[in-house]
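Have a look at the structure below, then the notes.
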Amino acid sequence: MLLRRCREERNPIHALRPLVALLAGASLGGWVSAQTAAEPATPASTDTVMPAVRAKAGAEPSGKETLRPTTTTIGKGKQELRDVPQSITVVTEKLLDDRNQDTLKESLRNTAGISFQAAEGAEEDIRLRGFSLQGSGDIFIDGTRDPAFYERDAFNWDRLEVLRGSASMLFGRGSTGGAVNQVSKTPLLLPQHEVSATVGTGEYVRFTGDFNHVTGTDAALRINAMLTTADNHGNKIDKRGIAPTYRFGIGHRDEFSVGLYYLQSDNGIHYGLPWLTPGASGGNYLWPTAPQNYYGAASDYNHTGTTQWNASHVHRFDATSELRTQARIADYRRDQRASAIRFAAAALQPGGLAINADTFGADTQLTRGSNNKKMDMDGRYVQSDYSGKHGWFGLEHAVQAGADAAMEGFDNYAFSLPAGVTIPKPRTTVGSPNDGASVDETLRIATVNRTFDSKALGLYVQDLVRIAPAWKLLAGVRWDKFNGDYLAIAGQGQPTTGNPPVPNPCYTPANARLQRSDSLWSRRFGVLFQPTDEQSYHLSYGTSFNTSGDTYQYDPGTSATPPEQSRNVELGARIDWAGGRFTTRAALFHSTKFNERNRDADTVDACNYVLSGKRHAAGVELDLAGRLTPAWEVFGSYAWIPSAEVDASSGAAGTEPVGSRPGLTPRHSGTIWSTYRISPQWRVGGGLNAKSGDKPVGLAASSPIVAPRYVTADLMAEYTQGDLTLKANLTNVTDEHYAEYVYRGHYVPGKPRTLQFTVSHRFD
């Protein structure tokens, strides 16, 4: 009965009512404002915005045409990049197409300072400046939170925006590292269509279609679709997606949009390879094998997906002020069956020898453990954001203000087997892996073992004031309220621990309910100096926080622990060159999490948490994008983090020791990509990706494991004749075996040498 009631409360049909009411209320407010404005209430004055609005909207080339954008929407409303006193890297659709990158993880390789934790599967556990983006909680679609674990695809992106540093003033609860915003393609009043097909190594085949139909003088329908399949050397890819969006009232005072986003991935999963201990002859902890080698079972899979219904309304008060309201109802799905590859015991190895770099070989025996996860999530989100320019008190003000609300429901499943049934996974060898075909994952029984329901509300206001011709001041504040309700249906943990056994303070009995409510203020301040139209310098300060419910679960300790807090200080510059064709960005930053949640080492209670931790990362970031000449285009991103340290810690097991460098915080990381048009038809390009040595999070202080540094190279050649384009991409030219995603027990190799051919056709 309890589960059924929870399901009814989280049914999207029931949830639609308050969302529609909020959306209609915001639209009604905009309609009333339009009817009571100074101009007469005639169709000409209330329905159509001045022509200047349309001219401004078309001033910037689309992400399909340039590597150098000048505006962003990550800051709650469209802004000039030079007016944002915080580091932003924008990855445009053109860059993604040039490099044939079609997932979020691949796309973020264009952003320096990014690293990935392999975690316990295919989670997009992203680290920026060494700080976690909270298990996908700091990922957004068009400024609205996009949580949950699913493999995000680029087929519906216009661009990808990465905001660095504390971002809670804009987005609410979140980490110190920053935020990632996926900007969707929108319908345009221009008939244009494109279809593409890609084939490549690993039996890779991908089809995409982008169809923009003009359906009226102020309306258009845009449909983006994708189908991708690949054997991928045994780790298969099978995904499909479609995203139709209908937009009407384009260019008028009131504009509306409704859309659907559907993505389903029935992929395999590479859980990772165990670190290889160096031998007497040395070694670097990585396997001396081809990076495409796969040792999972044929029954391994990672099925993820999402279905999202979106609606938005924009009311334009005048050419410089608007209220944008958007709502989304989404459900997310994940079902993972993975093999945790490990070295078999020494007694099972050739010669009975334990495995290290000296004894490792084709006959090395590997075991396959099981790591299974199943979870469902649904979310309802609504937000209204006002942005406008005003001349109050004789000064120019650029005001942003708004409110957002979210309701999320999360179900986690546990697996069991019928009485007397076992599912053994056969061992395999390094040189001749079998596919484990005898494994039958359908025998497992999945039942809900815990749920988490949350409600969040946020209110914010920000003002950018021009106090002198070359000087602007920014100040913003936000208030958030977050409520979490956790139900341990099957109980969590064991009643006792230790030998002799004693009561386990972390044990949560069956059907126990843990709740917590947090409210917190976030702040953002900045100073901008803009002596010319080509130069912008900034100094900024921002705060952020994350709650113990951000992982959609509590235990008796975390449910009693206040949020962690962080701050970011940044000094930066953005300068345009070559007549505005080329832009460079530089920043000095210091990010600090100053009350990190740690287990208390001074008590016997393992579930007693204290906000005793502190860590920081400080360094330099450089970005460049644009055309050095009409034929030569460049994009680059580089981060140097010389100072990163755990400043304080409780010293409990599992915490990083004081004075150590935090894991997943490489000193150097970066990428460079350059293309040159050698004739009207031919364009060639190439790039490098590099990262210095990095260690996983959570290792014991004595562990020497480190992911070694690497440099990989990519090449591209493109031929265009009219509306037809042929392109070849060679990724990881040298077939470098490197650790792309790292964890304390294993790593996942980066993409092996990959050759792909793409043909694209544009038509009206």
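Note on naming: chains are A, B, ... as they come in the structure tokens, residues start from 1 per chain, ligands start from 1 in the order shown.
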
Checklist entry - Any idea what's packed within 7 Å of range 108-116 of chain A, counting only C-alpha atoms, ignoring anything in its chain fewer than 3 positions away? Could you give it as number ranges by chain? => result A: 89, 104-105, 125-129, 637-639, 664, 669-671, 741-742

Sorted by chain and rising residue number, which residues of range 133-166 of chain A lie within 12 Å of range 356-374 of chain A, and what are their closest atom pairs and distances in Å to one decimal, counting only C-alpha atoms, as CSV?
```
residue,atom,partner,partner_atom,distance
A:Ala148,CA,A:Lys374,CA,11.8
A:Phe149,CA,A:Lys374,CA,10.5
A:Tyr150,CA,A:Lys374,CA,11.7
```

Please provide as a ChimeraX atom specification all residues within 9 Å of Asp714 in chain A, with the sequence filter that same-chain residues fewer than 3 positions apart are discarded (counting only C-alpha atoms). /A:99,673,685-689,729-733

Checklist line | Pick from A:Gly698, A:Gly178, A:Gly200, A:Gly279, whichever lies nearest to Ser660 in chain A using only C-alpha atoms | finding: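 Ranking A:Gly698, A:Gly178, A:Gly200, A:Gly279 by distance to Ser660 in chain A, first place goes to A:Gly698.
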
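Using only C-alpha atoms, the shortest contact distance between Thr655 in chain A and any of A:Asp694, A:Phe757, A:Gly619, A:Ala701 is found at A:Ala701.
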
Kindly indicate which residue among A:Leu588, A:Gly750, A:Leu571, A:Asp555 lies nearest to Cys607 in chain A, using only C-alpha atoms for the distances.
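Residue with the minimum atom-to-atom distance to Cys607 in chain A: A:Asp555.
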
Discussion item. Which residues are close to range 168-175 of chain A, i.e. within 6 Å by only C-alpha atoms, leaving aside same-chain residues fewer than 3 positions away? Reply as a PyMOL selection string.
Written reply: chain A and resi 133+138+478+522-523+544-546

Could you name the residues that touch range 393-396 of chain A at 7 Å or less, counting only C-alpha atoms, but leaving out those on the same chain fewer than 3 positions away, as a PyMOL selection string?
-> chain A and resi 390+465-467

Original post:
Between A:Pro191, A:Arg567, A:Ser196, A:Val214, which one has atoms that come closest to Asp97 in chain A, using only C-alpha atoms?
Top reply: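 Using only C-alpha atoms, the shortest distance to Asp97 in chain A belongs to A:Ser196.
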
Of A:Ala648, A:Ala414, A:Ala488, A:Ala587, the one nearest to Val620 in chain A when counting only C-alpha atoms is A:Ala587

- Message: Among range 168-293 of chain A, which residues does DSSP mark as strand (DSSP E) when it is run on the backbone? Keep the chain and numbering as in the structure and answer as an MDAnalysis selection string.
- Response: chainID A and resid 178:184 192:200 204:216 219:230 237:248 254:267 273:274

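Look at Gly579 in chain A: the protein and nucleic acid residues within 10 Å of it, using only C-alpha atoms and passing over chain neighbours fewer than 3 places away, are Glu534, Asp576, Phe582, Thr583, Arg627 and Leu628 of chain A.
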
File of the preceding selection, C-alpha atoms, as an mmCIF file, in the first residue's frame:
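Contents of out.cif, as written:
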```cif
data_model
loop_
_atom_site.group_PDB
_atom_site.id
_atom_site.type_symbol
_atom_site.label_atom_id
_atom_site.label_comp_id
_atom_site.auth_asym_id
_atom_site.auth_seq_id
_atom_site.Cartn_x
_atom_site.Cartn_y
_atom_site.Cartn_z
ATOM 1 C CA GLU A 534 37.747 43.702 -27.171
ATOM 2 C CA ASP A 576 39.419 39.368 -28.643
ATOM 3 C CA PHE A 582 39.782 35.044 -32.255
ATOM 4 C CA THR A 583 39.293 35.013 -28.474
ATOM 5 C CA ARG A 627 40.081 32.055 -36.620
ATOM 6 C CA LEU A 628 43.678 33.219 -36.743
#
```

| query | Between A:Gln79, A:Ser612, A:Ser432, A:Ser559, which is the closest to Lys389 in chain A once you count only C-alpha atoms? | reply |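 Of A:Gln79, A:Ser612, A:Ser432, A:Ser559, the one nearest Lys389 in chain A, counting only C-alpha atoms, is A:Gln79.
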